[in-house]
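Peer 1: I have a structure here, written as structure tokens, and I will follow up with some questions on it.
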Amino acid sequence: MYCQYALHIRCCRVWRMNFIKCYSNSATTERWTSSRIRKNFLDFFVKTNKHVFVPSSSVVSHKDPSLLFTNAGMNQFKPIFLGTVDKNNPLALYQRACNSQKCIRVGGKHNDLDDVGYDVYHHTFFEMLGNWSFGDYFKQEACEMAWTLLTKVYQLPPEKLCVTYFAGDKEFGINADEECRDIWLKLGIPSNRIIPFGKEHNFWEMGNFGPCGPCTEIHYDQTGSGIAQKLTNTSSAAVIELWNIVFISYDRQTDGSLKPLPKHHVDTGMGLERLTAVLNNTTSNYNTDLFQPLLYEISRSCNIPPYQGRIGSDMSYDVAYRILADHIRMITVAVADGVLPGSHSAGHKLRKIIRRTVYIAHDTLKAPPGFLSTLVPFVVASLGEAFPELKNNSASVSDVINEEEQHFLGQMEKGKSHLLAVADTLKSRGITTLPGECAWELYSQFGLPEMLITLLASQNGLTIDHEQYKQLLMKEQELSALDVARQQMAHAANRRNSVVLNMQNKGLPATDDVHKYKYCHQNSSYEFPAVDCQLEAICVNGELVTLVKQNTECALIMDKTCFYAESGGQIADRGKILNIGAEFQVCDVQQESGYVFHYGHVSNGTFCVGDRSTAVVDSDHRSGCMKHHTATHLLGHALRRIVSSDCLQQGSLVQRDRLRYDFTCRTPLSNTLLQQIEDLVNKLVEDDLTVFVNEVPLADTLQIPGIVTLPGDIYPDPVTVISIGKNITTLCNSPQNQQSLHPVEPCCGTHVQRTSHIGKVRVMQSKVVSKGVRRIFAIAGKRAEMAEGNLVLLDKELQDLSAEVVKGKCSFRTDANRLSEILRRIEESDISVVQLESLLKKATEIKSHIKKAEKSYWKKELESASDEVNEILSKMSGLKNVPVLPLIHKLSCDTNEKVLIHCVNLCKNKPAMIYGLNQSENNAMLGRAFVPEDCITAVFTARNWVEHVTSAVQGQPSAAGNMDERSLFVFRLDKVSSPTVTSRKVNEEANNFVDRYCKLLSKA
């Protein structure tokens, strides 16, 4: 794999050198490469205009539930725009910023997926060059800097540029942005190239709600013919949007209304891909150094004609070229940032795009298997300098693509076979429409792209019921539980944002929550001092009120608190807030912009703003969370030590009585590995290590050896770093080979002070979450100790039962019941996954012995029953010149279905009804009736015979499988209160029916 990757890197370098050499032979001495354009942009704002460079955030929107992917440069700055940024967040220090942000637009309000390939300027992934002002400069400076950069630095002809501005909107209640228009006029742009547009083009919104405002756009006229006014915003490739400058002035509420923001901001975005094309005098982004190496490699590897740049709606080579070149960039960047193919959210989008790419590569370009991953080094060569994470994760990106491609190709073949079978069935019935539910099954279960389903259906003379298919697709989107949860989280956060703005406007200070860390360990337990505080605000349904009475659900905001707000995977504290004659039950705690919201209900009395109160944390709940949080750090450390250093945390949940830990892992976890992980965690617990809490300047964390950070997380400055076993200073001075022996992570959670305070830790379950991501559940403390006691007890019971079963002391029924009870308790008990395997192995051995005993028992019962029936048959055969009499008999031995079948078969050509009691089923009565074919009449059948008998004793008659009901029928009586009486009644009714309806035959 390494050799193959190195070869691709060398190919990329050679191609890149040839590409630049070709450029340098033209009239201009220095060409605009993408890296030069990016550097000039950043230098212009950082060096010339005193902006701070902020690295691109991850394309995964970890902190914003309203987004699957980062779709704009402003996403990471959203808290600033809302005025809700925490004072300790590094974002709070920014006034001017710039960067080149990795963006993905494949869904929601901004979705370019369907346009990719069919034009030459839309992309799923692109770089957004952007500059921002946070309450600093506004319209005048933003427009001046943009114009200077484009015309002076990049030297674009001013006569080829035109601008747009917001024309106003009555529905929004906003007038035309004449201020912006006048700024452009002063900069020398003729009025005929300053064009007003409505909200569709010149009012920018990030999503369905959030920061927004009017914008001005700079467009480039590729023709230079002066007809830009007619072609602007018409989707014409002749006049393209180059730069969007948004004046963030409003916050879109969930009800659709607009609220003015406390401060005005500037948010700009310019696509690097489009700018590179313009500066190189080409109308296509694909004719630049960002795409040409990929297009060349596609041609070379697939042995197809070179890319021609043609535009068309069919699946021509050129459309396929563009889709592959675009999608592999998006896939590489997404996977490098930690997105893995899955069934939900961002992972589901990624999987669909990988599969779409694989299908086009194999179906249209006839690419060989594994081809897609060979393009990764070309993406890394193009973007790796700007985004180092691509270089660091390139090998794992290739592995993910190869695994997903292999899986999809197998699924695609199964789907094709399934569709062909369905098509044959439909055509045999004269049906020419493929039901939408069948198409949906091919899409959702087999992963076939819609275009492939349509093609295969057409090849088989079928059309798809698209209406039904679309309905099912919409239904899935509506029912997506994760998407619903994301929206609910977004709505809740948005509602808190609105309350925060109101409190800030009233001048309320943020909540002092430092007391959540003030606790001590005494007398084998933790003590959490109560905090005297003042009620600053009350929130009911998103509105601030001054008073709440009993049974009211609300949120209380105090001036200070000892409650821990949900954060870092740790759930919120529980407890009470007490007042004179009043009590508030706290069931959830959330923090927004420094304000701590205590959610719950007034269980007694009344609370008023200004009341002096006492905050009391539920100590058992907090202690449990602390133990499981520190155990989470130990578990992550053990995984990295034992399994792989690539086991990176993907998420966690710390609760009072258990923990959940998600991590990247591409190999199965055997029970042996899980035991080693659990053993290491418990050793660290037994070593009684000190848990150090260190306040560290954010910049200094980069110097801490072995520190583990979460992708996409934004840490406060200073940041709290939890180190276990050694403090930061000692760790930094340790020999390098010992630095990885201690867990070190930035963390805002609450922890025990020594690892021995955790108690035992048990790994309860390990499962696959999605491709390349596993999940471990574990328990700690008292619950783990109770699990240990349960294990010892259950193990002894299994050993005792095993000894008795081997000796045959009890009946197999008694043994089976005891085993069933033990298994029930095992299922209900906390047993670690490793120890569970040992218990179940012992239970399986016991079950095998019981089965042998059961088999031996029924063999004896069957022999006894055979003797009974044969003895009766022998006596009946001795009767001469007597009509053929049916055999009606109750067996004296234990009876089951197998015994009855055997006994009835002994009767051969004689009508028979044989029944008996089953001791295993509380003496339920089982019976079987048989009537030979030559004895069957219109009335005398096995079914009629059984139904006559069961009607007299409240039994349940039923057919005997697929047998002829006239010849064979069975019955069952579950509740037999008096076996002797019931047996006599069955015998009596069976004989009565025979006497009335049986046609007696002479032996002769």
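By order in the structure tokens, chains are A, B, ...; within a chain, residues start at 1; ligands start at 1, following the order shown.
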Just the residues within 8 Å of A:Gly600, please, counting only C-alpha atoms, with nothing from its chain fewer than 3 positions along; format it as a VMD selection string.
Peer 2: chain A and resid 553 to 555 584 to 588
Peer 1: Using only C-alpha atoms, what table do you get, as CSV, when you list each residue of stretch 914-965 of chain A with an atom no more than 12 Å from stretch 863-878 of chain A, its nearest pair of atoms, and their distance in Å rounded to one decimal, rows by chain then rising number?
Peer 2:
residue,atom,partner,partner_atom,distance
A:Ile914,CA,A:Val869,CA,9.1
A:Tyr915,CA,A:Ala865,CA,10.6
A:Gly916,CA,A:Ala865,CA,9.9
Peer 1: Which residues are near A:Cys608? Cut-off 7 Å, only C-alpha atoms, ignore same chain within fewer than 5 positions. Put them as a list of chain:residue names.
Peer 2: A:Thr546, A:Leu547, A:Val548
Peer 1: So that I have them on file, write out the residues from the current selection with N, CA and C atoms, as a PDB file, in the first residue's frame.
Peer 2:
ATOM      1  N   THR A 546     -41.144  37.310  35.368  1.00  0.00           N
ATOM      2  CA  THR A 546     -40.597  37.721  36.674  1.00  0.00           C
ATOM      3  C   THR A 546     -41.008  36.801  37.811  1.00  0.00           C
ATOM      4  N   LEU A 547     -42.012  35.923  37.563  1.00  0.00           N
ATOM      5  CA  LEU A 547     -42.526  35.083  38.656  1.00  0.00           C
ATOM      6  C   LEU A 547     -43.066  33.778  38.099  1.00  0.00           C
ATOM      7  N   VAL A 548     -42.834  32.672  38.846  1.00  0.00           N
ATOM      8  CA  VAL A 548     -43.420  31.365  38.483  1.00  0.00           C
ATOM      9  C   VAL A 548     -43.962  30.702  39.743  1.00  0.00           C
TER      10      VAL A 548
END
Peer 1: Set the distance at 6 Å and use only C-alpha atoms: which residues neighbour A:Asn244 once local chain neighbours fewer than 6 positions away are removed? I'd like the list as a PDB file with C-alpha atoms, in the first residue's frame.
Peer 2:
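part_13.pdb, written as the output of this step:
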ATOM      1  CA  GLU A 217     -22.138  40.541  -5.165  1.00  0.00           C
ATOM      2  CA  THR A 268     -17.557  37.641   2.630  1.00  0.00           C
ATOM      3  CA  GLY A 269     -17.000  34.602   0.501  1.00  0.00           C
TER       4      GLY A 269
END
Peer 1: Write out as a list of chain:residue names which residues come within 8 Å of stretch 175-191 of chain A when counting only C-alpha atoms, dropping same-chain ones fewer than 6 positions away.
Peer 2: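 In the requested format, the answer is A:Lys139, A:Gln140, A:Cys143, A:Glu144, A:Cys162, A:Val163, A:Tyr165, A:Phe166, A:Ala167, A:Gly168, A:Asp169, A:Pro214, A:Thr216.
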Peer 1: Which residues, written as a VMD selection string, have at least one atom at most 10 Å from A:Phe446, with only C-alpha atoms counted and residues fewer than 3 positions away on the same chain left out?
Peer 2: chain A and resid 408 to 416 418 440 to 443 449
Peer 1: Using the selection just defined, write its residues with all heavy atoms as a short mmCIF file (atom, residue, chain, number, x, y, z; two decimals), in the first residue's frame.
Peer 2:
data_model
loop_
_atom_site.label_atom_id
_atom_site.label_comp_id
_atom_site.auth_asym_id
_atom_site.auth_seq_id
_atom_site.Cartn_x
_atom_site.Cartn_y
_atom_site.Cartn_z
N PHE A 408 -20.08 -1.77 -2.07
CA PHE A 408 -21.14 -1.30 -2.96
C PHE A 408 -21.21 -2.13 -4.24
O PHE A 408 -22.31 -2.44 -4.71
CB PHE A 408 -20.90 0.17 -3.31
CG PHE A 408 -21.84 0.68 -4.37
CD1 PHE A 408 -23.21 0.65 -4.19
CD2 PHE A 408 -21.35 1.18 -5.56
CE1 PHE A 408 -24.08 1.11 -5.18
CE2 PHE A 408 -22.21 1.65 -6.55
CZ PHE A 408 -23.56 1.62 -6.36
N LEU A 409 -20.07 -2.49 -4.80
CA LEU A 409 -20.10 -3.29 -6.03
C LEU A 409 -20.79 -4.64 -5.80
O LEU A 409 -21.53 -5.12 -6.66
CB LEU A 409 -18.67 -3.50 -6.55
CG LEU A 409 -17.98 -2.24 -7.10
CD1 LEU A 409 -16.53 -2.56 -7.48
CD2 LEU A 409 -18.74 -1.68 -8.30
N GLY A 410 -20.56 -5.22 -4.61
CA GLY A 410 -21.25 -6.46 -4.29
C GLY A 410 -22.74 -6.26 -4.14
O GLY A 410 -23.55 -7.04 -4.65
N GLN A 411 -23.13 -5.16 -3.45
CA GLN A 411 -24.54 -4.84 -3.28
C GLN A 411 -25.21 -4.54 -4.63
O GLN A 411 -26.37 -4.90 -4.86
CB GLN A 411 -24.70 -3.63 -2.37
CG GLN A 411 -24.46 -3.94 -0.90
CD GLN A 411 -25.56 -4.80 -0.32
OE1 GLN A 411 -25.40 -6.04 -0.25
NE2 GLN A 411 -26.65 -4.21 0.05
N MET A 412 -24.47 -3.89 -5.52
CA MET A 412 -25.03 -3.51 -6.81
C MET A 412 -25.37 -4.75 -7.64
O MET A 412 -26.41 -4.79 -8.30
CB MET A 412 -24.04 -2.62 -7.56
CG MET A 412 -24.64 -1.92 -8.76
SD MET A 412 -23.67 -0.48 -9.29
CE MET A 412 -22.12 -1.25 -9.75
N GLU A 413 -24.51 -5.76 -7.59
CA GLU A 413 -24.78 -6.99 -8.34
C GLU A 413 -26.01 -7.71 -7.78
O GLU A 413 -26.84 -8.23 -8.53
CB GLU A 413 -23.56 -7.91 -8.30
CG GLU A 413 -22.38 -7.41 -9.11
CD GLU A 413 -22.76 -7.13 -10.56
OE1 GLU A 413 -23.42 -7.98 -11.18
OE2 GLU A 413 -22.40 -6.05 -11.06
N LYS A 414 -26.14 -7.72 -6.44
CA LYS A 414 -27.32 -8.32 -5.82
C LYS A 414 -28.58 -7.56 -6.22
O LYS A 414 -29.62 -8.15 -6.50
CB LYS A 414 -27.18 -8.33 -4.30
CG LYS A 414 -26.10 -9.26 -3.77
CD LYS A 414 -26.01 -9.16 -2.25
CE LYS A 414 -24.90 -10.04 -1.71
NZ LYS A 414 -24.76 -9.91 -0.23
N GLY A 415 -28.47 -6.22 -6.24
CA GLY A 415 -29.61 -5.40 -6.61
C GLY A 415 -30.04 -5.61 -8.04
O GLY A 415 -31.23 -5.67 -8.36
N LYS A 416 -29.07 -5.75 -8.95
CA LYS A 416 -29.38 -6.00 -10.35
C LYS A 416 -30.12 -7.32 -10.51
O LYS A 416 -31.13 -7.41 -11.23
CB LYS A 416 -28.09 -6.03 -11.18
CG LYS A 416 -27.47 -4.68 -11.43
CD LYS A 416 -26.20 -4.83 -12.26
CE LYS A 416 -25.54 -3.49 -12.55
NZ LYS A 416 -24.30 -3.66 -13.34
N HIS A 418 -31.87 -8.87 -8.26
CA HIS A 418 -33.21 -8.72 -7.67
C HIS A 418 -34.15 -8.00 -8.64
O HIS A 418 -35.30 -8.41 -8.82
CB HIS A 418 -33.10 -7.94 -6.36
CG HIS A 418 -34.42 -7.73 -5.67
ND1 HIS A 418 -35.11 -8.76 -5.06
CD2 HIS A 418 -35.19 -6.61 -5.51
CE1 HIS A 418 -36.24 -8.28 -4.55
NE2 HIS A 418 -36.30 -6.98 -4.81
N TRP A 440 -37.79 1.84 -4.54
CA TRP A 440 -37.29 2.31 -3.26
C TRP A 440 -36.46 1.24 -2.55
O TRP A 440 -35.43 1.54 -1.94
CB TRP A 440 -38.45 2.74 -2.37
CG TRP A 440 -38.05 3.05 -0.97
CD1 TRP A 440 -38.35 2.36 0.16
CD2 TRP A 440 -37.25 4.15 -0.55
NE1 TRP A 440 -37.79 2.95 1.26
CE2 TRP A 440 -37.10 4.05 0.85
CE3 TRP A 440 -36.63 5.20 -1.22
CZ2 TRP A 440 -36.37 4.96 1.59
CZ3 TRP A 440 -35.89 6.11 -0.47
CH2 TRP A 440 -35.78 5.99 0.91
N GLU A 441 -36.89 0.00 -2.63
CA GLU A 441 -36.14 -1.10 -2.02
C GLU A 441 -34.76 -1.22 -2.66
O GLU A 441 -33.76 -1.42 -1.96
CB GLU A 441 -36.91 -2.41 -2.19
CG GLU A 441 -36.20 -3.62 -1.56
CD GLU A 441 -36.93 -4.92 -1.80
OE1 GLU A 441 -37.82 -4.94 -2.69
OE2 GLU A 441 -36.61 -5.91 -1.14
N LEU A 442 -34.70 -1.09 -4.00
CA LEU A 442 -33.42 -1.16 -4.69
C LEU A 442 -32.51 -0.01 -4.27
O LEU A 442 -31.29 -0.17 -4.16
CB LEU A 442 -33.64 -1.12 -6.21
CG LEU A 442 -34.34 -2.34 -6.80
CD1 LEU A 442 -34.81 -2.05 -8.22
CD2 LEU A 442 -33.40 -3.54 -6.79
N TYR A 443 -33.10 1.13 -4.02
CA TYR A 443 -32.32 2.31 -3.63
C TYR A 443 -31.87 2.23 -2.17
O TYR A 443 -30.70 2.46 -1.85
CB TYR A 443 -33.17 3.57 -3.85
CG TYR A 443 -32.57 4.83 -3.28
CD1 TYR A 443 -31.55 5.51 -3.95
CD2 TYR A 443 -33.02 5.35 -2.06
CE1 TYR A 443 -31.00 6.68 -3.43
CE2 TYR A 443 -32.47 6.51 -1.53
CZ TYR A 443 -31.47 7.17 -2.21
OH TYR A 443 -30.93 8.31 -1.69
N PRO A 449 -28.09 3.57 -7.32
CA PRO A 449 -28.47 4.96 -7.61
C PRO A 449 -29.73 5.01 -8.46
O PRO A 449 -30.03 4.08 -9.22
CB PRO A 449 -27.26 5.49 -8.40
CG PRO A 449 -26.15 4.56 -8.12
CD PRO A 449 -26.78 3.22 -7.87
#
Peer 1: Rank nothing, just name the residue among A:Val761, A:Ala228, A:Ile401, A:Ala530 nearest to A:Glu686, using only C-alpha atoms.
Peer 2: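 Among A:Val761, A:Ala228, A:Ile401, A:Ala530, it is A:Val761 that comes nearest to A:Glu686.
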Peer 1: At a cut-off of 7 Å, using only C-alpha atoms, what residues contact A:Tyr519? Leave out same-chain residues fewer than 4 positions from it and give the result as a VMD selection string.
Peer 2: chain A and resid 526 to 529
Peer 1: From a backbone DSSP assignment, name each residue in stretch 354-516 of chain A labelled helix (DSSP H, G or I), as an NGL selection string.
Peer 2: :A and (354-363 or 372-383 or 388-392 or 394-428 or 436-444 or 450-459 or 466-479 or 481-505 or 514-516)
Peer 1: With distances taken over only C-alpha atoms, which residue among A:Ala929, A:Cys903, A:Cys215, A:Leu710 lies nearest A:Ser58?
Peer 2: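 Under the stated criterion, the closest residue is A:Leu710.
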Peer 1: Let me make sure I understand: among A:Val721, A:Leu840, A:Leu129, A:Val339, which one has the smallest atom-to-atom distance to A:Phe53 if we use only C-alpha atoms?
Peer 2: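 The answer is A:Leu129, which sits nearest to A:Phe53.
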